[in-house]
Amino acid sequence: MHILGIETSCDETGIAVYSEKKGLLSNKLYSQTKLHKKYGGVVPELASRDHIKKIIPLIKEALIESKILKKNINAIAYTAGPGLINSLLVGATIAHSLSFAWKIPVIPIHHLEGHLFSIMLEKKFPKYPFISLIASGGHTKLIKVMNFNKYEILGRSIDDSAGEAFDKVAKLLGLEYPGGPNLSLVARNGEFKKFIFPRPMLNHPGFNFSFSGLKSSVARIIHKNTLNKQTIANIAHAFEHAIIDILTIKTKKAIQKMGIKNLTLCGGVSANKSLRKKMKKEMKKIGKKVFYPKIKFCTDNGAMIALVGLIRFKKKLIKKKFLTVNPNWSLKEL
Ligand code: KG4
Ligand code: ZN
């Protein structure tokens with residue numbers, strides 16, 4: 001069985017072919033970074049237009065690379081939400097058109113369920129139940145994964161997501177889009193404890209996060225200081241330190257409270273090397289194990305959508321059959 005996966009929820013066109021027997025056969029990605037760079041962030045209208053340009057050639061390339069003929073594709077999985085509505089509509093329209101032409105089913109996939117199972121693109125992944133920290137540009141969530149399709153949201157950000165905080169602080173520091181990875185690079189040259197930022201909500205009960213206060217205090221420090229290369233690096237370093245502390249401490253609390261052994265990290269921010277390192281160290285201290293996908297599977301990609309498509313197809317858990325996207329689709333509605 002072979003599934004074609006289509007991801008177009010934001011500024012990456014991701015296409016993959018996943019085989020039930022052989023795993024991932026091809027994984028093509030076109031990132032729109034260059035297009036949005038001059039605006040300092042994603043421009044939704046430009047994003048959808050670029051998906052339209054890139055999606056068909058990428059599908060052709062993914063099929064060629066997979067060496068699977070289109071007649072041997074059994075179903076098409078596409079991201080139906082959450083995300084930017086026009087970008088989602090490009091993937092949805094192409095998925096439904098191909099499904100009509102090739103006479104095969106179409107499977108709408110929840111983007112966060114894609115991130116949740118990106119760990120299963122790796123050789124090593126945990127057994128159920130596990131706790132998952134999704135930290136992306138749109139979401140920060142702690143989720144208890146009891147089984148496939150059985151999720152409990154333990155905590156979430158009540159304001160900005162972790163990725164948004166990275167991107168906004170990077171912009172304030174005058175760093176280029178995409179902010180998160182650039183800030184992380186600059187932070188490497190920062191001196192330890194030149195600045196110290198707050199860690200909001202750490203003493204609140206429960207597992208919710210808040211990042212907007214952290215961002216505001218970074219903004220205040222930026223306005224008070226003359227920015228040179230070293231100050232920028234010092235602020236980036238202190239900010240990264242604070243955000244990683246918040247993510248690690250809350251996750252540690254949740255996994256201990258739930259009495260669960262394994263943790264997975266996913267979503268774009270989990271590509272952050274300092275976060276991966278710190279989480280591993282902290283989990284080891286309390287006898288827990290952390291799993292994270294390769295960097296290329298942390299950020300948006302078609303492979304995770306194809307994989308979840310295969311699982312849903314085999315379990316006959318296909319949500320809706322008509323052309324549909326839902327930019328505000330909640331994981332609770334699955
Ligand atoms: O999962 P993703 O590719 O897209 C969404 O579903 O939102 O996540 C993108 C987010 C962006 O905010 C980006 O700045 C952040 O992930 N990100 C990083 C790193 N790589 C990507 N943040 C911090 N450090 C990184 N290395
Ligand atoms: Zn994502």
# chains A, B, ... in the order shown; residues from 1 in each chain; ligands from 1
>>> residues_around(residues="Asp50 of chain A", least_positions_apart="4", cutoff="9 Å", atoms="only C-alpha atoms", output="PyMOL selection string")
chain A and resi 11+13+32+35+45-46+54-55+87
>>> closest_atom_pairs(of="chain A", to="ligand 2", cutoff="7 Å", atoms="only C-alpha atoms and all ligand atoms", output="CSV")
residue,atom,partner,partner_atom_place_in_ligand_line,distance
A:His111,CA,ligand 2,1 (Zn),6.4
A:Leu112,CA,ligand 2,1 (Zn),6.8
A:His115,CA,ligand 2,1 (Zn),6.5
A:Ser136,CA,ligand 2,1 (Zn),5.7
A:Gly137,CA,ligand 2,1 (Zn),6.8
A:Gly267,CA,ligand 2,1 (Zn),5.5
A:Gly268,CA,ligand 2,1 (Zn),6.4
A:Thr299,CA,ligand 2,1 (Zn),5.9
A:Asp300,CA,ligand 2,1 (Zn),4.6
>>> write_last_selection(atoms="all heavy atoms", output="mmCIF file, in the first residue's frame")
data_model
loop_
_atom_site.group_PDB
_atom_site.id
_atom_site.type_symbol
_atom_site.label_atom_id
_atom_site.label_comp_id
_atom_site.auth_asym_id
_atom_site.auth_seq_id
_atom_site.Cartn_x
_atom_site.Cartn_y
_atom_site.Cartn_z
ATOM 1 N N HIS A 111 -2.914 18.733 10.993
ATOM 2 C CA HIS A 111 -1.483 19.057 10.944
ATOM 3 C C HIS A 111 -0.747 18.638 12.227
ATOM 4 O O HIS A 111 0.370 18.114 12.173
ATOM 5 C CB HIS A 111 -1.332 20.563 10.706
ATOM 6 C CG HIS A 111 0.068 21.024 10.550
ATOM 7 N ND1 HIS A 111 0.820 20.771 9.423
ATOM 8 C CD2 HIS A 111 0.892 21.713 11.396
ATOM 9 C CE1 HIS A 111 2.023 21.290 9.576
ATOM 10 N NE2 HIS A 111 2.098 21.865 10.762
ATOM 11 N N LEU A 112 -1.387 18.858 13.380
ATOM 12 C CA LEU A 112 -0.706 18.524 14.639
ATOM 13 C C LEU A 112 -0.602 17.014 14.847
ATOM 14 O O LEU A 112 0.340 16.530 15.473
ATOM 15 C CB LEU A 112 -1.419 19.175 15.836
ATOM 16 C CG LEU A 112 -1.383 20.698 15.856
ATOM 17 C CD1 LEU A 112 -1.948 21.222 17.167
ATOM 18 C CD2 LEU A 112 0.023 21.236 15.660
ATOM 19 N N HIS A 115 2.515 16.195 13.148
ATOM 20 C CA HIS A 115 3.699 16.437 13.994
ATOM 21 C C HIS A 115 3.810 15.363 15.077
ATOM 22 O O HIS A 115 4.898 14.853 15.352
ATOM 23 C CB HIS A 115 3.617 17.821 14.644
ATOM 24 C CG HIS A 115 4.078 18.936 13.744
ATOM 25 N ND1 HIS A 115 5.306 18.939 13.132
ATOM 26 C CD2 HIS A 115 3.469 20.092 13.365
ATOM 27 C CE1 HIS A 115 5.443 20.056 12.413
ATOM 28 N NE2 HIS A 115 4.333 20.761 12.528
ATOM 29 N N SER A 136 5.610 24.469 17.860
ATOM 30 C CA SER A 136 5.739 24.880 16.455
ATOM 31 C C SER A 136 5.497 26.382 16.341
ATOM 32 O O SER A 136 5.426 27.079 17.350
ATOM 33 C CB SER A 136 4.755 24.093 15.596
ATOM 34 O OG SER A 136 3.448 24.523 15.876
ATOM 35 N N GLY A 137 5.344 26.847 15.107
ATOM 36 C CA GLY A 137 5.091 28.268 14.911
ATOM 37 C C GLY A 137 3.670 28.649 15.331
ATOM 38 O O GLY A 137 3.417 29.755 15.782
ATOM 39 N N GLY A 267 7.481 19.358 16.134
ATOM 40 C CA GLY A 267 7.193 20.725 15.695
ATOM 41 C C GLY A 267 8.499 21.473 15.478
ATOM 42 O O GLY A 267 9.555 21.075 16.002
ATOM 43 N N GLY A 268 8.420 22.566 14.712
ATOM 44 C CA GLY A 268 9.608 23.303 14.288
ATOM 45 C C GLY A 268 10.613 23.639 15.391
ATOM 46 O O GLY A 268 11.821 23.509 15.202
ATOM 47 N N THR A 299 10.327 20.293 11.355
ATOM 48 C CA THR A 299 9.592 21.358 10.662
ATOM 49 C C THR A 299 8.603 20.708 9.677
ATOM 50 O O THR A 299 8.626 19.495 9.475
ATOM 51 C CB THR A 299 10.588 22.283 9.929
ATOM 52 O OG1 THR A 299 11.569 21.466 9.306
ATOM 53 C CG2 THR A 299 11.298 23.203 10.896
ATOM 54 N N ASP A 300 7.755 21.544 9.071
ATOM 55 C CA ASP A 300 6.668 20.994 8.246
ATOM 56 C C ASP A 300 7.193 20.146 7.085
ATOM 57 O O ASP A 300 8.180 20.507 6.442
ATOM 58 C CB ASP A 300 5.812 22.157 7.714
ATOM 59 C CG ASP A 300 5.035 22.805 8.846
ATOM 60 O OD1 ASP A 300 5.013 22.235 9.955
ATOM 61 O OD2 ASP A 300 4.448 23.877 8.618
#
>>> closest_residue(among="A:Ala92, A:Leu142, A:Ile68, A:Ala271", to="Ser48 of chain A", atoms="only C-alpha atoms")
A:Ala92
>>> residues_around(residues="Pro44 of chain A", least_positions_apart="3", cutoff="12 Å", atoms="only C-alpha atoms", output="PyMOL selection string")
chain A and resi 8-12+32+35-36+39+41+47-51+83-89
>>> residues_near_ligand(ligand="ligand 1", cutoff="10 Å", atoms="only C-alpha atoms and all ligand atoms", output="ChimeraX atom specification")
/A:9-12,31,41,82-83,111-112,114-115,134-140,161-168,170,177-185,240,243-244,266-276,295-301
>>> residues_around(residues="Ile15 of chain A", least_positions_apart="4", cutoff="6 Å", atoms="only C-alpha atoms", output="PyMOL selection string")
chain A and resi 5-6+27-28+302
>>> write_last_selection(atoms="N, CA, C and O atoms", output="JSON list (two decimals), in the first residue's frame")
[["chain", "number", "residue", "atom", "x", "y", "z"],
["A", 5, "GLY", "N", 1.41, 11.95, 0.32],
["A", 5, "GLY", "CA", 1.12, 12.95, 1.37],
["A", 5, "GLY", "C", 1.36, 14.36, 0.86],
["A", 5, "GLY", "O", 2.35, 14.61, 0.18],
["A", 6, "ILE", "N", 0.44, 15.26, 1.19],
["A", 6, "ILE", "CA", 0.53, 16.66, 0.73],
["A", 6, "ILE", "C", 0.41, 17.60, 1.92],
["A", 6, "ILE", "O", -0.58, 17.56, 2.65],
["A", 27, "ASN", "N", 10.54, 12.20, -0.30],
["A", 27, "ASN", "CA", 10.11, 13.30, 0.57],
["A", 27, "ASN", "C", 10.64, 14.60, -0.04],
["A", 27, "ASN", "O", 11.81, 14.91, 0.09],
["A", 28, "LYS", "N", 9.79, 15.33, -0.74],
["A", 28, "LYS", "CA", 10.23, 16.55, -1.42],
["A", 28, "LYS", "C", 9.69, 17.76, -0.65],
["A", 28, "LYS", "O", 8.54, 17.75, -0.17],
["A", 302, "GLY", "N", 5.88, 16.69, 4.13],
["A", 302, "GLY", "CA", 4.80, 15.84, 3.62],
["A", 302, "GLY", "C", 4.88, 14.42, 4.17],
["A", 302, "GLY", "O", 3.86, 13.70, 4.19]]
>>> closest_residue(among="A:Ile305, A:Ile56, A:Val186, A:Met120", to="Ile3 of chain A", atoms="only C-alpha atoms")
A:Ile305
>>> select_by_dssp(residues="segment 130-324 of chain A", states="alpha helix (DSSP H)", output="ChimeraX atom specification")
/A:162-172,179-187,212-224,229-258,273-285,295-298,302-314
>>> closest_residue(among="A:Ala187, A:Gly155, A:Leu172, A:Ser330", to="His204 of chain A", atoms="only C-alpha atoms")
A:Gly155
>>> atom_distance(atom1="atom CA of Leu29 of chain A", atom2="atom CA of Gly14 of chain A")
4.5 Å
>>> atom_distance(atom1="atom CA of Met201 of chain A", atom2="atom CA of Lys277 of chain A")
22.7 Å
>>> residues_around(residues="Ser132 of chain A", least_positions_apart="5", cutoff="8 Å", atoms="only C-alpha atoms", output="PDB file with C-alpha atoms, in the first residue's frame")
ATOM      1  CA  LEU A 116       2.704  14.028  16.802  1.00  0.00           C
ATOM      2  CA  LYS A 141       0.971  21.908  23.480  1.00  0.00           C
ATOM      3  CA  LEU A 142       1.671  19.134  25.948  1.00  0.00           C
ATOM      4  CA  ILE A 143      -0.297  16.082  24.919  1.00  0.00           C
ATOM      5  CA  LYS A 144      -0.785  12.677  26.484  1.00  0.00           C
ATOM      6  CA  VAL A 145      -0.925  10.174  23.631  1.00  0.00           C
ATOM      7  CA  LEU A 263       8.521  11.846  25.875  1.00  0.00           C
ATOM      8  CA  THR A 264       8.560  12.936  22.258  1.00  0.00           C
ATOM      9  CA  LEU A 265       9.468  16.391  20.984  1.00  0.00           C
ATOM     10  CA  CYS A 266       7.988  17.610  17.734  1.00  0.00           C
TER      11      CYS A 266
END
>>> select_by_dssp(residues="segment 62-197 of chain A", states="strand (DSSP E or B)", output="tab-separated table (two decimals) with N, CA and C atoms, in the first residue's frame")
chain	number	residue	atom	x	y	z
A	75	ALA	N	-4.05	5.94	-1.85
A	75	ALA	CA	-4.86	7.04	-1.29
A	75	ALA	C	-3.99	8.30	-1.19
A	76	ILE	N	-4.66	9.44	-1.07
A	76	ILE	CA	-3.96	10.72	-0.95
A	76	ILE	C	-4.32	11.37	0.37
A	77	ALA	N	-3.28	11.66	1.16
A	77	ALA	CA	-3.51	12.33	2.45
A	77	ALA	C	-3.06	13.78	2.31
A	78	TYR	N	-3.86	14.70	2.85
A	78	TYR	CA	-3.48	16.12	2.76
A	78	TYR	C	-3.79	16.81	4.08
A	79	THR	N	-3.03	17.86	4.36
A	79	THR	CA	-3.29	18.64	5.58
A	79	THR	C	-4.54	19.48	5.37
A	80	ALA	N	-5.54	19.24	6.23
A	80	ALA	CA	-6.81	19.98	6.09
A	80	ALA	C	-6.93	21.09	7.13
A	81	GLY	N	-5.96	21.19	8.04
A	81	GLY	CA	-5.98	22.25	9.05
A	81	GLY	C	-5.23	21.78	10.28
A	106	VAL	N	-9.39	10.05	-0.58
A	106	VAL	CA	-8.64	11.20	-0.09
A	106	VAL	C	-8.82	11.26	1.44
A	107	ILE	N	-7.73	11.57	2.13
A	107	ILE	CA	-7.79	11.53	3.61
A	107	ILE	C	-7.36	12.88	4.19
A	108	PRO	N	-8.30	13.63	4.79
A	108	PRO	CA	-7.90	14.91	5.41
A	108	PRO	C	-7.14	14.63	6.71
A	109	ILE	N	-6.01	15.30	6.89
A	109	ILE	CA	-5.17	15.05	8.07
A	109	ILE	C	-5.04	16.32	8.91
A	110	HIS	N	-5.06	16.15	10.23
A	110	HIS	CA	-4.83	17.25	11.16
A	110	HIS	C	-3.32	17.49	11.24
A	130	PHE	N	2.62	7.85	25.61
A	130	PHE	CA	3.76	8.76	25.76
A	130	PHE	C	3.25	10.20	25.84
A	131	ILE	N	4.15	11.06	26.34
A	131	ILE	CA	3.81	12.49	26.40
A	131	ILE	C	4.51	13.14	25.21
A	132	SER	N	3.82	14.08	24.59
A	132	SER	CA	4.44	14.76	23.46
A	132	SER	C	4.41	16.27	23.68
A	133	LEU	N	5.54	16.90	23.46
A	133	LEU	CA	5.57	18.36	23.46
A	133	LEU	C	5.61	18.80	22.00
A	134	ILE	N	4.51	19.43	21.57
A	134	ILE	CA	4.49	20.01	20.22
A	134	ILE	C	4.84	21.48	20.38
A	135	ALA	N	5.95	21.89	19.80
A	135	ALA	CA	6.33	23.31	19.84
A	135	ALA	C	6.59	23.75	18.41
A	140	THR	N	1.83	25.50	20.90
A	140	THR	CA	2.69	24.88	21.93
A	140	THR	C	1.74	24.07	22.79
A	141	LYS	N	1.91	22.76	22.76
A	141	LYS	CA	0.97	21.91	23.48
A	141	LYS	C	1.69	20.73	24.12
A	142	LEU	N	1.21	20.37	25.32
A	142	LEU	CA	1.67	19.13	25.95
A	142	LEU	C	0.52	18.15	25.83
A	143	ILE	N	0.78	17.02	25.22
A	143	ILE	CA	-0.30	16.08	24.92
A	143	ILE	C	0.04	14.70	25.46
A	144	LYS	N	-0.96	14.07	26.08
A	144	LYS	CA	-0.79	12.68	26.48
A	144	LYS	C	-1.35	11.84	25.33
A	145	VAL	N	-0.50	11.00	24.76
A	145	VAL	CA	-0.92	10.17	23.63
A	145	VAL	C	-1.16	8.76	24.18
A	146	MET	N	-2.43	8.41	24.40
A	146	MET	CA	-2.75	7.09	24.96
A	146	MET	C	-2.65	6.01	23.89
A	147	ASN	N	-3.05	6.41	22.68
A	147	ASN	CA	-3.05	5.49	21.54
A	147	ASN	C	-3.25	6.34	20.30
A	150	LYS	N	-6.25	8.83	20.35
A	150	LYS	CA	-6.69	9.01	21.74
A	150	LYS	C	-5.72	9.97	22.41
A	151	TYR	N	-6.09	11.25	22.38
A	151	TYR	CA	-5.18	12.26	22.87
A	151	TYR	C	-5.82	13.07	23.98
A	152	GLU	N	-5.00	13.42	24.98
A	152	GLU	CA	-5.49	14.33	26.02
A	152	GLU	C	-4.56	15.54	26.04
A	153	ILE	N	-5.15	16.72	25.86
A	153	ILE	CA	-4.31	17.93	25.89
A	153	ILE	C	-4.12	18.32	27.36
A	154	LEU	N	-2.87	18.25	27.81
A	154	LEU	CA	-2.57	18.53	29.22
A	154	LEU	C	-2.34	20.02	29.44
A	155	GLY	N	-1.75	20.65	28.46
A	155	GLY	CA	-1.44	22.07	28.59
A	155	GLY	C	-1.19	22.68	27.23
A	156	ARG	N	-1.30	24.02	27.18
A	156	ARG	CA	-1.09	24.71	25.90
A	156	ARG	C	-0.67	26.14	26.21
A	157	SER	N	-0.20	26.83	25.21
A	157	SER	CA	0.15	28.23	25.45
A	157	SER	C	-1.12	29.06	25.48
>>> residues_around(residues="Leu121 of chain A", least_positions_apart="6", cutoff="9 Å", atoms="only C-alpha atoms", output="PDB file with N, CA, C and O atoms, in the first residue's frame")
ATOM      1  N   GLY A  23       8.350   1.898   4.113  1.00  0.00           N
ATOM      2  CA  GLY A  23       8.505   3.203   4.774  1.00  0.00           C
ATOM      3  C   GLY A  23       8.536   4.345   3.780  1.00  0.00           C
ATOM      4  O   GLY A  23       7.924   4.273   2.710  1.00  0.00           O
ATOM      5  N   LEU A  24       9.315   5.373   4.113  1.00  0.00           N
ATOM      6  CA  LEU A  24       9.324   6.585   3.301  1.00  0.00           C
ATOM      7  C   LEU A  24      10.109   6.373   2.001  1.00  0.00           C
ATOM      8  O   LEU A  24      11.284   6.054   2.029  1.00  0.00           O
ATOM      9  N   PRO A 293      12.446  13.572  16.407  1.00  0.00           N
ATOM     10  CA  PRO A 293      12.685  13.239  14.991  1.00  0.00           C
ATOM     11  C   PRO A 293      13.921  13.959  14.462  1.00  0.00           C
ATOM     12  O   PRO A 293      14.387  14.919  15.083  1.00  0.00           O
ATOM     13  N   LYS A 294      14.422  13.518  13.319  1.00  0.00           N
ATOM     14  CA  LYS A 294      15.495  14.251  12.640  1.00  0.00           C
ATOM     15  C   LYS A 294      15.010  15.681  12.405  1.00  0.00           C
ATOM     16  O   LYS A 294      13.804  15.902  12.252  1.00  0.00           O
ATOM     17  N   PHE A 297      12.346  16.408   9.908  1.00  0.00           N
ATOM     18  CA  PHE A 297      10.979  15.986  10.207  1.00  0.00           C
ATOM     19  C   PHE A 297      10.358  16.793  11.361  1.00  0.00           C
ATOM     20  O   PHE A 297       9.220  16.554  11.737  1.00  0.00           O
ATOM     21  N   ALA A 303       6.073  14.019   4.642  1.00  0.00           N
ATOM     22  CA  ALA A 303       6.259  12.644   5.105  1.00  0.00           C
ATOM     23  C   ALA A 303       5.340  12.314   6.288  1.00  0.00           C
ATOM     24  O   ALA A 303       4.702  11.255   6.322  1.00  0.00           O
ATOM     25  N   MET A 304       5.261  13.245   7.247  1.00  0.00           N
ATOM     26  CA  MET A 304       4.427  12.986   8.439  1.00  0.00           C
ATOM     27  C   MET A 304       2.938  12.911   8.049  1.00  0.00           C
ATOM     28  O   MET A 304       2.168  12.164   8.659  1.00  0.00           O
ATOM     29  N   LEU A 307       2.413   9.474   6.397  1.00  0.00           N
ATOM     30  CA  LEU A 307       2.443   8.416   7.408  1.00  0.00           C
ATOM     31  C   LEU A 307       1.126   8.353   8.195  1.00  0.00           C
ATOM     32  O   LEU A 307       0.529   7.279   8.355  1.00  0.00           O
TER      33      LEU A 307
END
>>> closest_residue(among="A:Lys21, A:Lys332, A:Lys171, A:Lys70", to="Ile232 of chain A", atoms="only C-alpha atoms")
A:Lys171
>>> closest_residue(among="A:Ile221, A:Phe197, A:Ala233, A:Leu4", to="Glu61 of chain A", atoms="only C-alpha atoms")
A:Leu4
>>> atom_distance(atom1="atom CA of Leu331 of chain A", atom2="atom CA of Asn149 of chain A")
9.4 Å
>>> closest_residue(among="A:Val90, A:Ile52, A:Val169, A:Leu334", to="Ser216 of chain A", atoms="only C-alpha atoms")
A:Val169
